[in-house]
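Quick look at model_24.txt (compact mmCIF, C-alpha atoms):
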```txt
# COMPACT_ATOMS: atom_id res chain seq x y z
CA MET A 1 -5.35 -4.31 -13.71
CA ASP A 2 -8.22 -4.88 -11.29
CA LYS A 3 -7.43 -8.49 -10.55
CA ALA A 4 -5.35 -9.12 -7.48
CA ILE A 5 -4.95 -12.80 -8.30
CA LEU A 6 -5.49 -14.56 -11.59
CA LEU A 7 -5.14 -18.32 -11.92
CA GLU A 8 -5.51 -19.77 -15.38
CA SER A 9 -5.51 -23.55 -15.95
CA VAL A 10 -3.01 -23.99 -13.15
CA SER A 11 -1.76 -27.51 -12.61
CA LYS A 12 0.76 -28.83 -10.14
CA LYS A 13 2.24 -32.25 -10.02
CA TYR A 14 5.04 -33.69 -7.96
CA ASP A 15 7.36 -36.44 -9.01
CA VAL A 16 7.16 -39.24 -6.51
CA GLY A 17 9.72 -41.86 -7.43
CA SER A 18 8.92 -42.87 -10.99
CA SER A 19 5.27 -41.81 -10.94
CA SER A 20 3.85 -38.34 -10.48
CA LEU A 21 1.23 -37.06 -8.09
CA LYS A 22 -1.23 -34.54 -9.47
CA VAL A 23 -2.22 -32.16 -6.72
CA ILE A 24 -3.89 -29.41 -8.71
CA GLU A 25 -5.34 -29.77 -12.17
CA ASP A 26 -6.62 -27.08 -14.49
CA LEU A 27 -7.55 -24.69 -11.73
CA THR A 28 -9.00 -21.38 -12.85
CA PHE A 29 -10.37 -18.53 -10.76
CA ASP A 30 -9.56 -14.96 -9.90
CA VAL A 31 -9.69 -12.62 -6.94
CA ASN A 32 -10.51 -8.94 -7.30
CA LYS A 33 -8.56 -6.20 -5.63
CA ASN A 34 -9.62 -5.77 -1.99
CA GLU A 35 -11.82 -8.82 -2.18
CA PHE A 36 -12.12 -11.42 0.58
CA VAL A 37 -12.16 -14.87 -0.96
CA CYS A 38 -12.29 -18.17 0.93
CA VAL A 39 -11.15 -21.43 -0.59
CA VAL A 40 -12.73 -24.54 0.89
CA GLY A 41 -11.99 -28.11 -0.02
CA PRO A 42 -11.48 -31.53 1.50
CA SER A 43 -8.24 -32.01 3.39
CA GLY A 44 -5.31 -33.05 1.27
CA CYS A 45 -6.79 -31.41 -1.82
CA GLY A 46 -3.86 -29.09 -2.38
CA LYS A 47 -5.11 -25.93 -0.67
CA THR A 48 -1.74 -25.17 0.88
CA THR A 49 0.01 -25.88 -2.42
CA LEU A 50 -2.35 -23.40 -4.05
CA LEU A 51 -1.41 -20.78 -1.46
CA ARG A 52 2.30 -21.41 -2.04
CA ILE A 53 1.84 -21.02 -5.78
CA VAL A 54 0.01 -17.72 -5.30
CA ALA A 55 2.80 -16.55 -2.96
CA GLY A 56 5.38 -17.37 -5.63
CA LEU A 57 7.05 -19.94 -3.42
CA GLU A 58 6.47 -22.70 -5.95
CA PRO A 59 6.02 -22.48 -9.69
CA PRO A 60 2.97 -24.18 -11.18
CA SER A 61 3.73 -27.20 -13.41
CA SER A 62 1.61 -25.57 -16.09
CA GLY A 63 -0.84 -22.72 -16.46
CA ARG A 64 -0.57 -19.07 -15.59
CA VAL A 65 -0.52 -17.25 -12.26
CA LEU A 66 -0.62 -13.49 -12.05
CA VAL A 67 -0.62 -11.41 -8.89
CA PHE A 68 -1.42 -7.79 -9.65
CA GLY A 69 -0.63 -8.45 -13.27
CA ARG A 70 2.73 -10.21 -12.88
CA PRO A 71 4.00 -13.65 -11.98
CA PRO A 72 4.24 -13.68 -8.17
CA ASP A 73 7.72 -13.03 -6.83
CA PRO A 74 8.19 -12.94 -3.06
CA LYS A 75 11.41 -11.01 -3.50
CA ILE A 76 9.56 -8.08 -5.04
CA GLN A 77 6.00 -8.37 -3.83
CA ARG A 78 5.06 -8.59 -0.18
CA PHE A 79 2.83 -11.37 1.04
CA GLY A 80 1.48 -11.42 4.57
CA VAL A 81 1.12 -15.08 5.40
CA ILE A 82 -0.67 -16.39 8.47
CA PHE A 83 -0.56 -20.10 9.25
CA GLN A 84 -2.39 -22.24 11.74
CA GLU A 85 0.60 -22.30 14.08
CA ASP A 86 1.31 -18.80 15.25
CA SER A 87 5.10 -19.16 14.77
CA LEU A 88 5.92 -16.50 17.33
CA LEU A 89 9.43 -16.28 18.76
CA PRO A 90 9.11 -17.20 22.46
CA TRP A 91 12.17 -15.14 23.42
CA ARG A 92 10.78 -11.95 21.93
CA THR A 93 8.06 -9.75 23.37
CA VAL A 94 4.78 -9.14 21.58
CA LEU A 95 6.25 -5.92 20.18
CA GLY A 96 9.52 -7.66 19.27
CA ASN A 97 7.62 -10.32 17.36
CA VAL A 98 5.83 -7.76 15.21
CA GLU A 99 9.13 -5.96 14.67
CA PHE A 100 10.69 -9.23 13.54
CA GLY A 101 8.37 -9.31 10.52
CA LEU A 102 9.59 -5.83 9.62
CA GLU A 103 13.22 -6.86 10.09
CA ILE A 104 12.81 -9.70 7.61
CA GLN A 105 11.58 -7.15 5.07
CA ASN A 106 14.57 -4.87 5.83
CA TYR A 107 12.23 -2.18 7.06
CA PRO A 108 14.14 0.91 8.33
CA GLU A 109 15.11 0.29 11.94
CA ALA A 110 14.04 3.69 13.24
CA GLU A 111 10.47 3.13 12.00
CA ARG A 112 9.94 -0.42 13.22
CA GLU A 113 8.72 0.27 16.72
CA ARG A 114 6.24 2.93 15.65
CA VAL A 115 4.80 0.77 12.85
CA ALA A 116 4.65 -2.32 15.07
CA LYS A 117 2.78 -0.38 17.75
CA THR A 118 0.28 0.95 15.22
CA PHE A 119 -0.61 -2.54 14.13
CA LEU A 120 -0.72 -3.93 17.65
CA GLU A 121 -3.28 -1.24 18.39
CA LEU A 122 -5.22 -2.21 15.28
CA VAL A 123 -5.53 -5.81 16.49
CA GLY A 124 -6.47 -4.62 19.99
CA LEU A 125 -3.24 -5.44 21.79
CA GLN A 126 -2.23 -2.03 23.05
CA GLY A 127 -0.81 -2.42 26.55
CA PHE A 128 0.53 -5.91 25.81
CA GLU A 129 3.67 -4.81 23.94
CA ASN A 130 6.05 -6.07 26.59
CA TYR A 131 4.39 -9.42 27.28
CA TYR A 132 5.98 -12.63 26.08
CA PRO A 133 4.04 -15.16 23.97
CA HIS A 134 3.72 -17.63 26.88
CA GLN A 135 2.01 -14.95 28.95
CA ILE A 136 -0.87 -14.36 26.54
CA SER A 137 -3.83 -16.45 25.31
CA GLY A 138 -4.14 -18.37 22.04
CA GLY A 139 -6.42 -15.71 20.57
CA MET A 140 -3.97 -12.98 21.50
CA LYS A 141 -1.08 -14.90 19.91
CA LYS A 142 -3.15 -15.06 16.76
CA ARG A 143 -3.61 -11.30 16.91
CA VAL A 144 0.16 -10.86 17.19
CA ALA A 145 0.63 -13.06 14.11
CA ILE A 146 -1.96 -10.98 12.24
CA ALA A 147 -0.30 -7.72 13.32
CA ARG A 148 3.07 -9.09 12.16
CA ALA A 149 1.66 -10.03 8.76
CA LEU A 150 -0.13 -6.69 8.31
CA ALA A 151 2.70 -4.47 9.49
CA ILE A 152 4.75 -5.12 6.35
CA ASP A 153 1.96 -3.52 4.30
CA PRO A 154 1.45 -6.66 2.24
CA ASP A 155 0.14 -6.68 -1.32
CA LEU A 156 -1.82 -9.78 -0.44
CA ILE A 157 -2.89 -11.43 2.79
CA LEU A 158 -2.72 -15.20 2.56
CA MET A 159 -4.23 -17.16 5.40
CA ASP A 160 -3.89 -20.92 5.71
CA GLU A 161 -6.48 -22.20 8.19
CA PRO A 162 -5.33 -19.58 10.68
CA PHE A 163 -8.06 -20.19 13.26
CA ALA A 164 -8.25 -23.98 13.06
CA ASP A 165 -6.55 -24.55 16.39
CA LEU A 166 -8.66 -22.07 18.39
CA ASP A 167 -11.64 -23.00 20.54
CA ALA A 168 -15.05 -22.24 19.02
CA GLN A 169 -15.63 -19.03 20.99
CA THR A 170 -12.22 -17.54 20.32
CA ARG A 171 -12.47 -18.55 16.69
CA SER A 172 -15.74 -16.72 16.15
CA LEU A 173 -14.34 -13.67 17.96
CA MET A 174 -11.24 -13.70 15.75
CA GLN A 175 -13.38 -14.01 12.62
CA ARG A 176 -15.27 -10.86 13.60
CA GLU A 177 -12.01 -9.07 14.42
CA LEU A 178 -10.49 -10.08 11.09
CA LEU A 179 -13.46 -8.64 9.20
CA LYS A 180 -13.15 -5.38 11.14
CA ILE A 181 -9.47 -5.15 10.29
CA TRP A 182 -10.09 -6.03 6.65
CA SER A 183 -12.77 -3.34 6.29
CA LYS A 184 -10.33 -0.77 7.69
CA LEU A 185 -7.33 -1.70 5.58
CA ASN A 186 -8.58 -2.33 2.03
CA LYS A 187 -6.51 -5.44 1.48
CA THR A 188 -7.03 -8.49 -0.67
CA VAL A 189 -7.43 -11.66 1.38
CA LEU A 190 -7.16 -15.25 0.21
CA PHE A 191 -8.29 -17.38 3.13
CA ILE A 192 -8.04 -21.13 3.13
CA THR A 193 -10.22 -23.22 5.38
CA HIS A 194 -12.06 -26.51 5.53
CA ASN A 195 -14.69 -24.95 7.75
CA VAL A 196 -17.71 -24.09 5.60
CA GLU A 197 -19.37 -21.92 8.23
CA GLU A 198 -16.19 -19.89 8.56
CA ALA A 199 -16.10 -19.37 4.80
CA VAL A 200 -19.72 -18.18 4.65
CA PHE A 201 -19.17 -15.86 7.61
CA LEU A 202 -16.05 -14.25 6.14
CA ALA A 203 -16.00 -14.33 2.38
CA GLN A 204 -17.51 -12.28 -0.39
CA ARG A 205 -16.92 -15.30 -2.58
CA VAL A 206 -16.29 -18.92 -1.74
CA VAL A 207 -14.33 -21.16 -4.07
CA VAL A 208 -15.14 -24.84 -3.50
CA LEU A 209 -12.42 -27.20 -4.64
CA THR A 210 -12.83 -30.81 -5.61
CA LYS A 211 -10.83 -33.57 -4.02
CA ARG A 212 -7.33 -34.17 -5.38
CA PRO A 213 -6.34 -33.35 -8.05
CA SER A 214 -8.23 -30.20 -7.19
CA ARG A 215 -10.24 -28.19 -9.63
CA VAL A 216 -12.86 -25.56 -9.02
CA LYS A 217 -16.11 -27.33 -8.25
CA GLN A 218 -18.15 -24.23 -7.68
CA ILE A 219 -17.76 -20.52 -7.00
CA ILE A 220 -20.46 -19.02 -4.82
CA ASP A 221 -21.00 -15.32 -4.20
CA ILE A 222 -22.07 -14.71 -0.63
CA ASP A 223 -24.48 -11.88 -1.12
CA LEU A 224 -25.03 -10.99 2.53
CA PRO A 225 -24.16 -7.75 4.33
CA TYR A 226 -21.56 -7.74 7.11
CA PRO A 227 -21.71 -8.51 9.97
CA ARG A 228 -23.47 -11.75 9.17
CA ALA A 229 -25.85 -13.53 11.48
CA ARG A 230 -24.89 -17.17 11.60
CA LEU A 231 -28.40 -18.29 12.46
CA SER A 232 -30.22 -16.28 9.80
CA LEU A 233 -32.01 -18.23 7.11
CA PRO A 234 -29.98 -16.92 4.15
CA PHE A 235 -26.76 -17.72 6.03
CA ILE A 236 -27.91 -21.26 6.67
CA SER A 237 -29.01 -21.71 3.10
CA TYR A 238 -25.57 -20.61 1.78
CA ARG A 239 -24.00 -23.00 4.25
CA GLU A 240 -26.19 -25.85 3.05
CA ARG A 241 -25.37 -25.12 -0.58
CA ILE A 242 -21.64 -25.19 0.01
CA LEU A 243 -21.85 -28.18 2.35
CA THR A 244 -23.72 -30.13 -0.33
CA ALA A 245 -21.01 -29.42 -2.88
CA PHE A 246 -18.39 -30.17 -0.27
CA HIS A 247 -19.90 -33.47 0.82
CA GLU A 248 -20.12 -34.72 -2.73
CA GLU A 249 -16.36 -34.37 -2.72
CA LEU A 250 -15.88 -36.00 0.65
CA GLU A 251 -17.62 -39.14 -0.53
CA GLY A 252 -15.17 -41.49 -2.06
CA ILE A 253 -12.22 -40.29 -0.04
CA MET B 1 38.36 -23.61 -4.41
CA GLU B 2 39.91 -24.69 -7.70
CA LYS B 3 38.58 -22.86 -10.70
CA GLU B 4 37.64 -24.95 -13.67
CA LEU B 5 38.36 -23.77 -17.16
CA THR B 6 35.05 -22.74 -18.69
CA ILE B 7 34.12 -23.41 -22.29
CA ARG B 8 34.48 -19.71 -22.84
CA ASP B 9 38.09 -19.77 -21.54
CA GLU B 10 38.92 -22.82 -23.63
CA LEU B 11 37.63 -21.28 -26.85
CA ILE B 12 39.22 -17.87 -26.26
CA ASN B 13 42.56 -19.52 -25.48
CA ALA B 14 42.30 -21.52 -28.69
CA ALA B 15 41.29 -18.45 -30.70
CA MET B 16 44.40 -16.67 -29.40
CA THR B 17 46.53 -19.55 -30.70
CA SER B 18 45.34 -20.13 -34.27
CA ASN B 19 42.32 -20.72 -36.49
CA GLU B 20 43.19 -24.42 -36.54
CA ALA B 21 43.34 -24.57 -32.75
CA PHE B 22 39.98 -22.83 -32.48
CA SER B 23 38.41 -25.21 -34.95
CA ALA B 24 39.84 -28.26 -33.18
CA THR B 25 38.79 -27.03 -29.73
CA LEU B 26 35.28 -26.25 -30.91
CA LYS B 27 35.01 -29.72 -32.41
CA SER B 28 36.18 -31.37 -29.22
CA ILE B 29 33.78 -29.34 -27.07
CA MET B 30 30.90 -30.21 -29.39
CA ARG B 31 31.82 -33.87 -29.15
CA ARG B 32 32.06 -33.65 -25.38
CA MET B 33 28.70 -31.90 -25.07
CA ASP B 34 27.13 -34.08 -27.73
CA ILE B 35 26.16 -31.16 -29.96
CA SER B 36 25.94 -31.51 -33.74
CA ALA B 37 26.79 -28.75 -36.22
CA LYS B 38 23.05 -28.45 -36.79
CA ASP B 39 22.39 -28.06 -33.06
CA LEU B 40 25.02 -25.36 -32.85
CA SER B 41 23.56 -23.57 -35.85
CA GLU B 42 20.03 -23.65 -34.49
CA GLY B 43 21.08 -22.75 -30.97
CA SER B 44 23.33 -19.86 -31.91
CA GLY B 45 21.48 -18.57 -34.96
CA ILE B 46 24.57 -18.91 -37.14
CA PRO B 47 23.95 -20.40 -40.62
CA LEU B 48 24.90 -24.07 -40.85
CA SER B 49 27.16 -23.36 -43.85
CA THR B 50 29.19 -20.90 -41.75
CA ILE B 51 29.51 -23.44 -38.93
CA ASN B 52 30.68 -26.09 -41.38
CA LYS B 53 33.26 -23.74 -42.81
CA ILE B 54 34.59 -22.95 -39.35
CA LEU B 55 34.79 -26.64 -38.51
CA SER B 56 36.23 -27.99 -41.73
CA GLU B 57 38.14 -25.14 -43.33
CA CYS B 58 39.32 -23.43 -40.15
CA ARG B 59 37.84 -20.29 -41.58
CA ASP B 60 38.42 -16.86 -40.04
CA LEU B 61 35.27 -15.86 -38.19
CA ARG B 62 33.64 -12.58 -37.42
CA LEU B 63 33.59 -11.25 -33.88
CA SER B 64 29.78 -11.41 -33.82
CA THR B 65 29.90 -15.06 -34.84
CA LEU B 66 32.34 -15.81 -32.04
CA ARG B 67 30.05 -14.04 -29.59
CA ASP B 68 27.04 -16.07 -30.73
CA ILE B 69 28.94 -19.33 -30.39
CA LEU B 70 30.24 -18.47 -26.92
CA ARG B 71 26.87 -17.28 -25.73
CA TYR B 72 25.12 -20.44 -26.84
CA LEU B 73 27.70 -22.87 -25.48
CA HIS B 74 27.88 -20.94 -22.23
CA SER B 75 24.11 -21.18 -21.81
CA LEU B 76 24.38 -24.95 -22.03
CA GLU B 77 27.14 -24.95 -19.50
CA VAL B 78 25.19 -23.16 -16.76
CA PRO B 79 24.19 -25.97 -14.48
CA GLN B 80 20.56 -26.89 -14.73
CA ALA B 81 19.60 -28.35 -11.43
CA ASP B 82 16.76 -30.74 -10.78
CA ILE B 83 16.88 -29.92 -7.11
CA VAL B 84 18.26 -26.96 -5.16
CA ILE B 85 19.10 -27.54 -1.51
CA GLY B 86 19.85 -24.75 0.94
CA VAL B 87 22.24 -25.34 3.81
CA ILE B 88 21.82 -23.14 6.87
CA ALA B 89 24.85 -23.15 9.14
CA ALA B 90 27.57 -20.96 10.58
CA ARG B 91 30.10 -19.68 8.06
CA PRO B 92 32.95 -22.01 9.16
CA SER B 93 30.68 -25.04 8.72
CA LEU B 94 29.56 -23.86 5.29
CA ASP B 95 33.21 -23.47 4.31
CA THR B 96 33.67 -27.22 4.73
CA ILE B 97 31.40 -27.76 1.72
CA SER B 98 33.71 -28.38 -1.23
CA LYS B 99 31.13 -29.43 -3.81
CA HIS B 100 28.17 -27.28 -4.69
CA GLN B 101 26.94 -29.44 -7.54
CA LEU B 102 26.46 -33.12 -7.26
CA LEU B 103 24.43 -36.05 -8.42
CA ALA B 104 22.14 -37.75 -5.92
CA LYS B 105 19.73 -40.51 -6.89
CA GLY B 106 20.23 -39.56 -10.52
CA LYS B 107 19.22 -35.94 -9.93
CA ARG B 108 21.42 -32.91 -10.46
CA VAL B 109 21.59 -31.16 -7.13
CA ILE B 110 22.84 -27.66 -6.42
CA ILE B 111 23.77 -26.63 -2.90
CA LYS B 112 23.21 -23.03 -1.85
CA GLU B 113 24.76 -21.64 1.29
CA TYR B 114 22.84 -19.61 3.86
CA PRO B 115 25.12 -18.43 6.65
CA ALA B 116 23.57 -17.83 10.06
CA LEU B 117 25.03 -17.19 13.47
CA THR B 118 21.96 -16.92 15.66
CA ILE B 119 18.61 -18.68 15.72
CA GLU B 120 17.00 -15.52 14.37
CA ASP B 121 19.53 -15.40 11.51
CA ALA B 122 18.58 -18.99 10.78
CA ILE B 123 14.87 -18.16 10.61
CA ILE B 124 15.53 -15.24 8.29
CA ALA B 125 17.84 -17.44 6.18
CA ALA B 126 15.12 -20.09 5.94
CA ILE B 127 12.53 -17.56 4.80
CA LYS B 128 14.99 -16.19 2.23
CA ALA B 129 15.78 -19.69 1.03
CA GLU B 130 12.09 -20.44 0.59
CA ARG B 131 11.71 -17.25 -1.42
CA ASP B 132 14.68 -18.38 -3.52
CA ARG B 133 12.54 -21.47 -4.17
CA VAL B 134 14.99 -24.00 -2.81
CA ASN B 135 13.46 -27.46 -2.71
CA GLY B 136 14.65 -28.27 0.77
CA LEU B 137 16.87 -27.22 3.64
CA VAL B 138 19.66 -28.80 5.62
CA CYS B 139 20.37 -27.44 9.09
CA ALA B 140 21.20 -28.41 12.66
CA SER B 141 18.36 -30.20 14.43
CA ILE B 142 18.10 -27.50 17.09
CA VAL B 143 17.37 -25.00 14.32
CA ALA B 144 15.03 -27.28 12.38
CA SER B 145 12.35 -27.39 15.06
CA ILE B 146 12.03 -23.61 14.89
CA ILE B 147 12.35 -22.95 11.19
CA GLU B 148 9.73 -25.54 10.30
CA LYS B 149 7.22 -23.17 11.87
CA PHE B 150 8.15 -20.53 9.33
CA VAL B 151 8.65 -22.38 6.07
CA ARG B 152 6.85 -25.19 4.29
CA ILE B 153 9.73 -27.01 2.64
CA PRO B 154 11.28 -30.35 3.59
CA ILE B 155 14.07 -30.13 6.14
CA ALA B 156 16.82 -32.63 6.89
CA THR B 157 19.00 -32.20 9.95
CA ILE B 158 22.74 -32.63 10.16
CA LYS B 159 23.64 -35.75 12.05
CA ILE B 160 26.29 -35.33 14.70
CA GLU B 161 28.59 -38.30 15.33
CA GLU B 162 30.13 -39.13 18.67
CA SER B 163 33.52 -38.31 17.20
CA ASN B 164 32.39 -34.70 16.56
CA ILE B 165 31.43 -34.36 20.19
CA LEU B 166 34.66 -35.99 21.38
CA ASP B 167 36.66 -33.60 19.19
CA SER B 168 34.91 -30.69 20.86
CA VAL B 169 35.48 -32.19 24.31
CA ASN B 170 39.19 -32.50 23.55
CA LEU B 171 39.33 -28.96 22.26
CA LEU B 172 37.57 -27.70 25.34
CA VAL B 173 39.86 -29.62 27.71
CA GLU B 174 42.78 -28.01 25.94
CA LYS B 175 41.22 -24.56 26.33
CA ILE B 176 40.44 -25.08 30.02
CA THR B 177 43.85 -26.41 30.91
CA SER B 178 45.74 -23.79 28.96
CA THR B 179 43.91 -20.84 30.51
CA GLY B 180 44.13 -22.37 34.01
```
Once you've parsed the file, please lay out its structure as structure tokens.
Amino acid sequence: MDKAILLESVSKKYDVGSSSLKVIEDLTFDVNKNEFVCVVGPSGCGKTTLLRIVAGLEPPSSGRVLVFGRPPDPKIQRFGVIFQEDSLLPWRTVLGNVEFGLEIQNYPEAERERVAKTFLELVGLQGFENYYPHQISGGMKKRVAIARALAIDPDLILMDEPFADLDAQTRSLMQRELLKIWSKLNKTVLFITHNVEEAVFLAQRVVVLTKRPSRVKQIIDIDLPYPRARLSLPFISYRERILTAFHEELEGI
Amino acid sequence: MEKELTIRDELINAAMTSNEAFSATLKSIMRRMDISAKDLSEGSGIPLSTINKILSECRDLRLSTLRDILRYLHSLEVPQADIVIGVIAARPSLDTISKHQLLAKGKRVIIKEYPALTIEDAIIAAIKAERDRVNGLVCASIVASIIEKFVRIPIATIKIEESNILDSVNLLVEKITSTG
């Protein structure tokens, strides 16, 4: 099975009082093993719900979801999830925070420190092991969150607008760092964002969703070598293409 | 916690008594659960004629038939919840919960317990609960602000009344004066 993620006619609706709210309708796309896929769509279009369905935290109302050939089950499969908020424990050191992710997975205690240190080095935080979250910058906190998610050796990396709260400079630095890490680790990444430029910079493929109930509006292969130059003509033309699709969806919201 | 007699217990007890008792008990359970002979036949895979004979002629039945009947009725008995709610609290607080199944706003609700002693336990419990696909969590407000950074499910906090605080104050006064 080459597909890391397979979504087939996935729908999700929530009962709200006596009526029901359709968040996702007939959504179909797949993600190959080790692929980096970005999902963009207008806010409120069900991107986070999609991520939760892929992580097995919510069942779809109908349709089929397979992660590495089986229905996702967070008790068996490991998902490294990174949210916008860094969700670090303020009373634990940088090292302790990465170890916490391993503790949740019942990782053998004797191995935790060594593994945590390896991943802190990978994200460029060697020397900061004993700092506390309030002593480091926003970008560094993000790196800790990434190290924590990667340390558990996840089957999938799921990122939900992880860089949305960073300033522009730090964000673009973190995007480059993430690509470096991804190229080293051979992991499948599903990255959710509403930032089209971010998607074109990061992804091998961009899935554009419609407004709610979300369906796939367009899937665009970004056929550009890494690292990508944001001001190059092909980059801008990809951006324009996706923005056009995106803006069609924004109208009428 | 009181243990309720399951359908399985009821039917086995009746079977130990007599064929007539078994037949009568089965009939009463079917009435109670609103199951027809046809439903029972389709659900258990036993031919309708056999079911009718058990019900009307108090016929002796084969062990495999008994198994099929029990299995089917038991499957209906397992509570099917509309909503599962996790409660994160210290063990003594969880032990005050006497009902783990209830009806709320017309929905069948199941309560699952997640014991936690420290804030970190509570975070781990919340992540586990989310992986168990609970629909929401109940916890102390001091815990809620932290766990909502880790999980994306609705959280309701436990409201503390003045009387709870006064009880604790009284308890503490007792402790202080008795050790002094």
Residue list for chain B near chain A as a PyMOL selection string, 10 Å, only C-alpha atoms: chain B and resi 119-121+123-125+127-135+146-153
Non-local contacts of A:Gly41 (8 Å; all atoms listed in the file; under 4 positions in same chain excluded) as a PyMOL selection string: chain A and resi 45+47+193-194+208-211+246
Write to file, as a CSV table (one decimal), in the frame of the given file, the residues of the selection just made, with C-alpha atoms.
```csv
chain,number,residue,atom,x,y,z
A,45,CYS,CA,-6.8,-31.4,-1.8
A,47,LYS,CA,-5.1,-25.9,-0.7
A,193,THR,CA,-10.2,-23.2,5.4
A,194,HIS,CA,-12.1,-26.5,5.5
A,208,VAL,CA,-15.1,-24.8,-3.5
A,209,LEU,CA,-12.4,-27.2,-4.6
A,210,THR,CA,-12.8,-30.8,-5.6
A,211,LYS,CA,-10.8,-33.6,-4.0
A,246,PHE,CA,-18.4,-30.2,-0.3
```
Non-local contacts of A:Pro72 (12 Å; only C-alpha atoms; under 2 positions in same chain excluded) as a PyMOL selection string: (chain A and resi 4-7+51-60+64-70+74-79+155-156) or (chain B and resi 131)
Å distance separating atom CA of A:Tyr107 from atom CA of B:Val87, one decimal place: 25.4 Å
Taking all atoms of stretch 113-120 of chain B that the file lists and extending 6 Å past them on each side, where is the centre of the axis-aligned box and how long are its edges? Answer in Å to one decimal, as JSON.
```
{"center_x": 21.1, "center_y": -18.6, "center_z": 8.5, "size_x": 20.1, "size_y": 18.1, "size_z": 26.4}
```
Proximity to B:Pro154 - best of B:Gly86, B:Val173, B:Asp95, B:Leu40, only C-alpha atoms: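 With only C-alpha atoms as the atom set, the closest residue is B:Gly86.
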